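File shown: entry-v1.txt (compact mmCIF, C-alpha atoms (C1' of nucleotides)).
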```txt
# COMPACT_ATOMS: atom_id res chain seq x y z
CA MET A 1 -22.92 -28.41 5.09
CA ALA A 2 -22.91 -26.35 1.89
CA PHE A 3 -22.25 -22.64 2.13
CA THR A 4 -22.58 -19.73 -0.24
CA ILE A 5 -19.86 -17.14 -0.34
CA GLY A 6 -22.17 -14.92 1.70
CA ASP A 7 -22.41 -17.57 4.43
CA MET A 8 -18.63 -17.81 4.52
CA GLY A 9 -18.37 -14.07 4.81
CA LYS A 10 -20.82 -13.89 7.69
CA ALA A 11 -19.19 -16.79 9.51
CA THR A 12 -15.74 -15.25 9.37
CA ALA A 13 -16.51 -11.53 9.24
CA THR A 14 -14.96 -11.33 5.81
CA LYS A 15 -16.20 -9.33 2.85
CA ILE A 16 -17.23 -11.31 -0.19
CA GLU A 17 -14.73 -9.45 -2.34
CA THR A 18 -11.97 -10.45 0.05
CA ILE A 19 -12.90 -14.12 -0.20
CA ARG A 20 -12.84 -13.93 -3.98
CA TYR A 21 -9.52 -12.14 -3.70
CA TYR A 22 -8.09 -14.95 -1.53
CA GLU A 23 -9.23 -17.39 -4.16
CA LYS A 24 -7.64 -15.35 -6.94
CA ILE A 25 -4.26 -15.29 -5.24
CA GLY A 26 -4.49 -18.98 -4.44
CA LEU A 27 -4.97 -18.83 -0.67
CA LEU A 28 -8.35 -20.50 -0.98
CA PRO A 29 -8.95 -23.33 -3.45
CA LYS A 30 -11.35 -22.90 -6.34
CA PRO A 31 -14.57 -24.22 -4.88
CA ALA A 32 -17.24 -26.38 -6.47
CA ARG A 33 -20.00 -24.52 -8.29
CA THR A 34 -23.76 -24.89 -8.23
CA THR A 35 -25.68 -25.27 -11.48
CA SER A 36 -26.11 -21.52 -11.53
CA ASN A 37 -22.38 -21.03 -11.15
CA TYR A 38 -22.46 -19.93 -7.51
CA ARG A 39 -19.48 -20.86 -5.35
CA ASP A 40 -20.32 -23.87 -3.20
CA TYR A 41 -18.19 -24.25 -0.08
CA GLY A 42 -17.91 -27.01 2.50
CA GLN A 43 -16.62 -27.30 6.05
CA ALA A 44 -12.99 -27.60 4.97
CA GLU A 45 -13.03 -24.29 3.13
CA LEU A 46 -14.74 -22.60 6.04
CA GLY A 47 -12.02 -23.91 8.34
CA ARG A 48 -9.31 -22.73 6.03
CA LEU A 49 -10.82 -19.27 5.74
CA SER A 50 -11.18 -19.05 9.53
CA PHE A 51 -7.52 -19.94 9.86
CA ILE A 52 -6.52 -17.28 7.36
CA ARG A 53 -8.57 -14.60 9.08
CA ARG A 54 -7.26 -15.45 12.50
CA ALA A 55 -3.68 -15.34 11.26
CA ARG A 56 -4.37 -12.00 9.54
CA ASP A 57 -5.85 -10.66 12.77
CA LEU A 58 -2.59 -11.59 14.47
CA GLY A 59 -0.81 -9.47 11.89
CA PHE A 60 0.74 -12.18 9.70
CA SER A 61 1.22 -11.17 6.08
CA LEU A 62 -0.54 -13.12 3.35
CA ASP A 63 2.82 -14.62 2.43
CA GLN A 64 3.30 -15.78 5.99
CA VAL A 65 -0.22 -17.16 6.05
CA ARG A 66 0.56 -19.04 2.87
CA ALA A 67 3.64 -20.53 4.51
CA LEU A 68 1.73 -21.43 7.67
CA LEU A 69 -0.94 -23.15 5.61
CA GLY A 70 1.69 -25.02 3.63
CA ILE A 71 3.42 -26.32 6.72
CA SER A 72 0.21 -27.13 8.54
CA GLY A 73 -0.89 -29.17 5.55
CA ASP A 74 1.67 -31.79 6.49
CA ARG A 75 0.19 -32.94 9.79
CA SER A 76 3.04 -35.33 10.51
CA GLY A 77 5.74 -32.74 9.79
CA ASP A 78 7.77 -30.72 12.20
CA CYS A 79 6.31 -27.82 14.14
CA ALA A 80 9.57 -25.85 14.00
CA GLY A 81 8.73 -23.99 10.79
CA ILE A 82 5.54 -22.70 12.30
CA ASP A 83 7.35 -21.62 15.40
CA ARG A 84 10.03 -19.83 13.39
CA ILE A 85 7.52 -17.83 11.33
CA ALA A 86 5.58 -16.85 14.42
CA ARG A 87 8.70 -15.77 16.31
CA GLU A 88 9.93 -13.78 13.35
CA HIS A 89 6.59 -12.04 13.23
CA LEU A 90 6.73 -11.33 16.95
CA LEU A 91 10.11 -9.65 16.45
CA GLU A 92 8.63 -7.55 13.70
CA VAL A 93 5.74 -6.53 15.93
CA ASP A 94 8.20 -5.59 18.66
CA ARG A 95 10.14 -3.45 16.20
CA LYS A 96 6.96 -1.70 15.17
CA LEU A 97 5.99 -1.11 18.78
CA ALA A 98 9.38 0.39 19.53
CA ASP A 99 9.20 2.63 16.46
CA LEU A 100 5.68 3.76 17.25
CA THR A 101 6.52 4.43 20.88
CA ALA A 102 9.49 6.58 19.90
CA LEU A 103 7.37 8.38 17.34
CA ARG A 104 4.66 9.01 19.88
CA LYS A 105 7.11 10.50 22.34
CA GLU A 106 8.48 12.88 19.76
CA LEU A 107 5.06 13.84 18.48
CA LYS A 108 3.90 14.52 22.01
CA ALA A 109 6.91 16.75 22.64
CA VAL A 110 6.21 18.69 19.47
CA ILE A 111 2.57 19.19 20.39
CA ASP A 112 3.31 20.19 23.98
CA SER A 113 5.67 22.90 22.79
CA CYS A 114 2.78 24.78 21.18
CA ASP A 115 0.73 27.15 23.28
CA GLY A 116 -1.42 28.82 20.64
CA GLY A 117 -0.91 32.09 18.88
CA ILE A 118 -0.13 32.74 15.25
CA VAL A 119 1.52 30.39 12.82
CA ALA A 120 4.71 32.44 12.60
CA ASP A 121 5.36 31.71 16.29
CA CYS A 122 4.09 28.15 16.23
CA ARG A 123 6.51 25.73 17.79
CA ILE A 124 4.99 22.81 15.96
CA ILE A 125 5.81 24.35 12.61
CA GLU A 126 9.21 25.27 13.96
CA ALA A 127 9.81 21.74 15.14
CA LEU A 128 8.78 20.33 11.81
CA GLY A 129 11.22 22.05 9.55
CA PRO A 130 13.77 24.70 8.82
CA VAL A 131 11.67 26.63 6.31
CA PRO A 132 8.22 25.40 5.36
CA PRO A 133 7.27 27.64 2.40
CA ALA A 134 7.20 26.73 -1.28
CA MET B 1 22.24 27.82 -3.63
CA ALA B 2 21.11 25.69 -6.58
CA PHE B 3 20.50 22.01 -6.03
CA THR B 4 19.97 19.04 -8.29
CA ILE B 5 17.35 16.49 -7.39
CA GLY B 6 20.19 14.27 -6.19
CA ASP B 7 21.40 16.97 -3.80
CA MET B 8 17.89 17.29 -2.43
CA GLY B 9 17.70 13.57 -1.95
CA LYS B 10 20.98 13.39 -0.09
CA ALA B 11 20.14 16.38 2.10
CA THR B 12 16.82 14.90 3.20
CA ALA B 13 17.45 11.15 2.89
CA THR B 14 14.78 10.93 0.22
CA LYS B 15 14.89 8.84 -2.92
CA ILE B 16 14.85 10.73 -6.18
CA GLU B 17 11.72 8.91 -7.28
CA THR B 18 9.98 10.01 -4.12
CA ILE B 19 10.82 13.64 -4.77
CA ARG B 20 9.44 13.38 -8.29
CA TYR B 21 6.40 11.69 -6.83
CA TYR B 22 5.85 14.56 -4.38
CA GLU B 23 6.04 16.93 -7.31
CA LYS B 24 3.56 14.88 -9.31
CA ILE B 25 0.97 14.94 -6.53
CA GLY B 26 1.54 18.64 -5.95
CA LEU B 27 3.29 18.55 -2.58
CA LEU B 28 6.38 20.12 -4.09
CA PRO B 29 6.12 22.89 -6.68
CA LYS B 30 7.36 22.34 -10.21
CA PRO B 31 10.92 23.61 -10.00
CA ALA B 32 12.87 25.68 -12.47
CA ARG B 33 14.82 23.72 -15.07
CA THR B 34 18.37 24.01 -16.33
CA THR B 35 19.03 24.30 -20.06
CA SER B 36 19.39 20.54 -20.15
CA ASN B 37 16.01 20.12 -18.49
CA TYR B 38 17.34 19.09 -15.07
CA ARG B 39 15.31 20.13 -12.04
CA ASP B 40 16.87 23.18 -10.40
CA TYR B 41 15.96 23.67 -6.76
CA GLY B 42 16.65 26.50 -4.32
CA GLN B 43 16.70 26.88 -0.56
CA ALA B 44 12.92 27.23 -0.31
CA GLU B 45 12.26 23.88 -1.96
CA LEU B 46 14.84 22.21 0.23
CA GLY B 47 13.13 23.63 3.29
CA ARG B 48 9.76 22.46 2.09
CA LEU B 49 11.03 18.97 1.39
CA SER B 50 12.68 18.83 4.82
CA PHE B 51 9.38 19.81 6.38
CA ILE B 52 7.53 17.13 4.45
CA ARG B 53 10.02 14.45 5.41
CA ARG B 54 10.02 15.40 9.06
CA ALA B 55 6.23 15.33 9.15
CA ARG B 56 6.21 11.96 7.38
CA ASP B 57 8.73 10.64 9.91
CA LEU B 58 6.30 11.66 12.61
CA GLY B 59 3.69 9.56 10.88
CA PHE B 60 1.52 12.24 9.31
CA SER B 61 -0.22 11.17 6.11
CA LEU B 62 0.48 13.03 2.90
CA ASP B 63 -2.97 14.59 3.17
CA GLN B 64 -2.15 15.82 6.66
CA VAL B 65 1.18 17.13 5.42
CA ARG B 66 -0.64 18.96 2.68
CA ALA B 67 -2.93 20.55 5.25
CA LEU B 68 -0.01 21.47 7.52
CA LEU B 69 1.77 23.08 4.62
CA GLY B 70 -1.37 24.97 3.64
CA ILE B 71 -1.86 26.38 7.10
CA SER B 72 1.79 27.15 7.66
CA GLY B 73 1.80 29.12 4.44
CA ASP B 74 -0.24 31.81 6.14
CA ARG B 75 2.33 33.00 8.68
CA SER B 76 -0.07 35.46 10.30
CA GLY B 77 -2.88 32.90 10.63
CA ASP B 78 -3.98 30.96 13.64
CA CYS B 79 -1.96 28.08 15.03
CA ALA B 80 -5.07 26.17 16.12
CA GLY B 81 -5.45 24.22 12.87
CA ILE B 82 -1.93 22.90 13.18
CA ASP B 83 -2.55 21.92 16.76
CA ARG B 84 -5.77 20.14 15.87
CA ILE B 85 -4.18 18.06 13.11
CA ALA B 86 -1.29 17.10 15.35
CA ARG B 87 -3.55 16.11 18.23
CA GLU B 88 -5.77 14.07 15.95
CA HIS B 89 -2.70 12.29 14.71
CA LEU B 90 -1.53 11.64 18.25
CA LEU B 91 -4.86 10.00 19.02
CA GLU B 92 -4.45 7.81 15.95
CA VAL B 93 -0.97 6.82 17.06
CA ASP B 94 -2.32 5.93 20.49
CA ARG B 95 -4.98 3.77 18.91
CA LYS B 96 -2.37 1.97 16.84
CA LEU B 97 -0.20 1.45 19.89
CA ALA B 98 -3.11 -0.04 21.80
CA ASP B 99 -4.00 -2.34 18.91
CA LEU B 100 -0.44 -3.46 18.42
CA THR B 101 0.06 -4.07 22.13
CA ALA B 102 -3.05 -6.24 22.28
CA LEU B 103 -1.96 -8.11 19.18
CA ARG B 104 1.49 -8.68 20.62
CA LYS B 105 0.08 -10.13 23.79
CA GLU B 106 -2.09 -12.57 21.92
CA LEU B 107 0.68 -13.54 19.53
CA LYS B 108 3.02 -14.15 22.45
CA ALA B 109 0.47 -16.37 24.14
CA VAL B 110 0.03 -18.40 20.97
CA ILE B 111 3.78 -18.84 20.56
CA ASP B 112 4.36 -19.75 24.20
CA SER B 113 1.81 -22.53 23.98
CA CYS B 114 3.98 -24.40 21.47
CA ASP B 115 6.69 -26.69 22.78
CA GLY B 116 7.80 -28.39 19.59
CA GLY B 117 6.79 -31.72 18.18
CA ILE B 118 4.79 -32.49 15.08
CA VAL B 119 2.32 -30.24 13.33
CA ALA B 120 -0.68 -32.33 14.28
CA ASP B 121 -0.02 -31.51 17.95
CA CYS B 122 1.08 -27.93 17.37
CA ARG B 123 -0.68 -25.50 19.66
CA ILE B 124 0.02 -22.59 17.35
CA ILE B 125 -1.89 -24.26 14.54
CA GLU B 126 -4.56 -25.19 17.01
CA ALA B 127 -4.79 -21.63 18.26
CA LEU B 128 -5.06 -20.29 14.76
CA GLY B 129 -8.09 -22.10 13.52
CA PRO B 130 -10.68 -24.79 13.80
CA VAL B 131 -9.56 -26.77 10.76
CA PRO B 132 -6.65 -25.55 8.66
CA PRO B 133 -6.70 -27.84 5.60
CA ALA B 134 -7.97 -27.08 2.12
C1' DC C 1 38.25 13.50 -29.57
C1' DC C 2 36.16 9.64 -27.49
C1' DT C 3 34.55 6.82 -24.11
C1' DT C 4 33.07 5.62 -19.51
C1' DG C 5 30.23 6.12 -15.76
C1' DA C 6 27.44 8.88 -12.91
C1' DC C 7 23.91 11.52 -12.99
C1' DC C 8 19.38 13.22 -14.99
C1' DC C 9 14.75 12.78 -17.82
C1' DT C 10 9.75 10.72 -18.82
C1' DG C 11 6.41 7.33 -18.37
C1' DT C 12 4.53 3.09 -16.88
C1' DA C 13 3.78 -0.76 -13.96
C1' DG C 14 4.38 -3.10 -9.64
C1' DT C 15 3.95 -3.55 -4.38
C1' DC C 16 0.26 -5.00 -0.27
C1' DG C 17 -4.27 -6.18 1.02
C1' DC C 18 -7.93 -5.25 0.03
C1' DT C 19 -12.30 -2.28 -1.65
C1' DA C 20 -15.49 -0.43 -4.93
C1' DC C 21 -17.66 -0.29 -8.81
C1' DA C 22 -19.98 -1.54 -13.54
C1' DG C 23 -22.78 -4.43 -15.80
C1' DG C 24 -24.85 -8.36 -15.75
C1' DG C 25 -27.50 -13.20 -14.06
C1' DC C 26 -30.41 -15.83 -10.68
C1' DC C 27 -33.92 -16.80 -7.33
C1' DT C 28 -37.61 -16.14 -4.04
C1' DA C 29 -41.69 -13.78 -2.47
C1' DT C 30 -45.47 -10.87 -3.31
C1' DA D 1 -44.48 -9.62 -13.30
C1' DT D 2 -41.67 -7.23 -10.56
C1' DA D 3 -38.97 -6.09 -6.63
C1' DG D 4 -35.26 -7.18 -3.72
C1' DG D 5 -31.52 -9.70 -2.50
C1' DC D 6 -28.14 -12.49 -3.52
C1' DC D 7 -24.48 -14.11 -6.89
C1' DC D 8 -21.07 -13.65 -11.16
C1' DT D 9 -16.76 -11.50 -13.82
C1' DG D 10 -13.56 -8.03 -14.60
C1' DT D 11 -11.38 -3.78 -13.85
C1' DA D 12 -9.81 0.22 -11.41
C1' DG D 13 -8.75 2.56 -7.16
C1' DC D 14 -6.49 3.41 -2.43
C1' DG D 15 -1.53 5.18 0.03
C1' DA D 16 2.97 6.00 -0.44
C1' DC D 17 6.03 4.87 -2.67
C1' DT D 18 9.47 1.77 -5.68
C1' DA D 19 11.33 -0.20 -9.80
C1' DC D 20 12.12 -0.42 -14.19
C1' DA D 21 12.72 0.71 -19.43
C1' DG D 22 14.60 3.51 -22.59
C1' DG D 23 16.62 7.36 -23.29
C1' DG D 24 19.61 12.29 -22.69
C1' DT D 25 23.63 14.98 -20.40
C1' DC D 26 27.98 15.96 -18.48
C1' DA D 27 32.70 15.84 -16.37
C1' DA D 28 37.00 13.29 -16.17
C1' DG D 29 40.53 10.33 -18.01
C1' DG D 30 43.01 8.14 -21.94
```
Please express what this file holds, its structure, as structure tokens.
Amino acid sequence: MAFTIGDMGKATATKIETIRYYEKIGLLPKPARTTSNYRDYGQAELGRLSFIRRARDLGFSLDQVRALLGISGDRSGDCAGIDRIAREHLLEVDRKLADLTALRKELKAVIDSCDGGIVADCRIIEALGPVPPA
Amino acid sequence: MAFTIGDMGKATATKIETIRYYEKIGLLPKPARTTSNYRDYGQAELGRLSFIRRARDLGFSLDQVRALLGISGDRSGDCAGIDRIAREHLLEVDRKLADLTALRKELKAVIDSCDGGIVADCRIIEALGPVPPA
DNA sequence: CCTTGACCCTGTAGTCGCTACAGGGCCTAT
DNA sequence: ATAGGCCCTGTAGCGACTACAGGGTCAAGG
């Protein structure tokens, strides 16, 4: 029922430094301390950290995680805020996917244009810029 | 034939601070100066900056750009190094695409599970963690 | 001639989300 | 008693910029 910071890290695949960092920026509460000043966590903190990590894995920013935690703290409140943040994030992910897909296509075209030889004739260099030198 | 830093920025859609930053980290050479100590660029610098920006747009890191510039400086050298860097980068892009696609799928599933109501019943919160509170 | 505003300069600090020390204390087992 | 593994605080670093603060310069209009 009582965990060290190392236990928390193992349980959530989080580095100790990261947990301390979450505490510093106020995402995790300041935990109780043992007599030797070690952080002393309980089930609630473990749950909260798991939540944070899962949200991070889904690509939410720490600010978004903070908002999600804030809303989810009010269990009787409305779910709409949560939904809005998640949908906004999904849009952002879709934008990134579109950007990355376009980038990939262009990069592929640049690479395929090269068929070896010396730099002066290299199509990749040519595709990259008008005049590379300094 | 002579450009101010502002001209360079406009020509390549680069912020002035970014150009100075590129100079500071050695990607751009220290340019000549006017009598009033303004940076004084020529065609070669403009070409180099264009190259850098284009490579950045394609997602190359500044370290990769540095390497590309180094290789492309030797016009009679072999094109293979260029090709290798570009292909490595393509692999990285593919990895990112795969990751982002997987993330999107999971995020979508989490969002679709929510059909409104109060936080306590919210499937998004549920999907995110075992116990959210602090 | 003077002022206004747009440009330029240097240098430093902030962003995001960690990560990596440095320099110590504590605790258990041998 | 000593070795090792854990824990503590505090600070600095990463990439790739971005945003000031606090000044200098220059061309055009009044």
Measure the distance from atom CA of Thr35 of chain B to atom CA of Phe3 of chain B in Å and round it to one decimal.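 Computed distance, atom CA of Thr35 of chain B to atom CA of Phe3 of chain B, equals 14.3 Å.
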Find the distance between atom CA of Ala44 of chain A and atom CA of Ala109 of chain B and write it in Å to one decimal.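 Those two atoms sit 26.0 Å apart.
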Please build the interface table for chain D against chain B with a cut-off of 12 Å, listing for each qualifying residue the nearest atom pair and the distance in Å to one decimal; count all atoms listed in the file, order rows by chain and increasing number, and write it as a Markdown table.
```
| residue | atom | partner | partner_atom | distance |
| --- | --- | --- | --- | --- |
| D:DG15 | C1' | B:Leu62 | CA | 8.6 |
| D:DA16 | C1' | B:Leu62 | CA | 8.2 |
| D:DC17 | C1' | B:Thr18 | CA | 6.6 |
| D:DT18 | C1' | B:Glu17 | CA | 7.7 |
| D:DA19 | C1' | B:Glu17 | CA | 9.5 |
| D:DC20 | C1' | B:Glu17 | CA | 11.6 |
| D:DG24 | C1' | B:Ser36 | CA | 8.6 |
| D:DT25 | C1' | B:Ser36 | CA | 7.0 |
| D:DC26 | C1' | B:Ser36 | CA | 9.9 |
```
Mind giving me the straight-line distance from atom CA of Tyr41 of chain A to atom C1' of DG23 of chain C in Å, one decimal?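 One can read the atom CA of Tyr41 of chain A to atom C1' of DG23 of chain C distance as 25.7 Å.
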Counting all atoms listed in the file, write as JSON, numbers by chain all protein and nucleic acid residues lying at most 12 Å from (-26.6, -9.0, -5.7) in the file's frame. {"A": [5, 6, 16, 38], "C": [23, 24, 25, 26, 27], "D": [4, 5, 6, 7, 8]}
Exercise answer, chain B residues close to chain A, 7 Å and all atoms listed in the file, as a ChimeraX atom specification: /B:29,44-45,47-48,50-51,54-55,58,69,72-73,75-80,83,86,90,93,97,100,103-104,107,111,116-120,122,125,128-134
Distance limit 10 Å, atoms considered: only C-alpha atoms (C1' of nucleotides). Which chain C residues sit that close to chain A? Return them as a tab-separated table (two decimals) with C-alpha atoms (C1' of nucleotides), in the frame of the given file.
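Written file, result_1.tsv:
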```tsv
chain	number	residue	atom	x	y	z
C	16	DC	C1'	0.26	-5.00	-0.27
C	17	DG	C1'	-4.27	-6.18	1.02
C	18	DC	C1'	-7.93	-5.25	0.03
C	19	DT	C1'	-12.30	-2.28	-1.65
C	20	DA	C1'	-15.49	-0.43	-4.93
C	25	DG	C1'	-27.50	-13.20	-14.06
C	26	DC	C1'	-30.41	-15.83	-10.68
```
Counting only C-alpha atoms (C1' of nucleotides), what is within 12 Å of DC21 of chain C, bar same-chain residues fewer than 4 positions away, as a VMD selection string? (chain A and resid 17) or (chain D and resid 10 to 13)
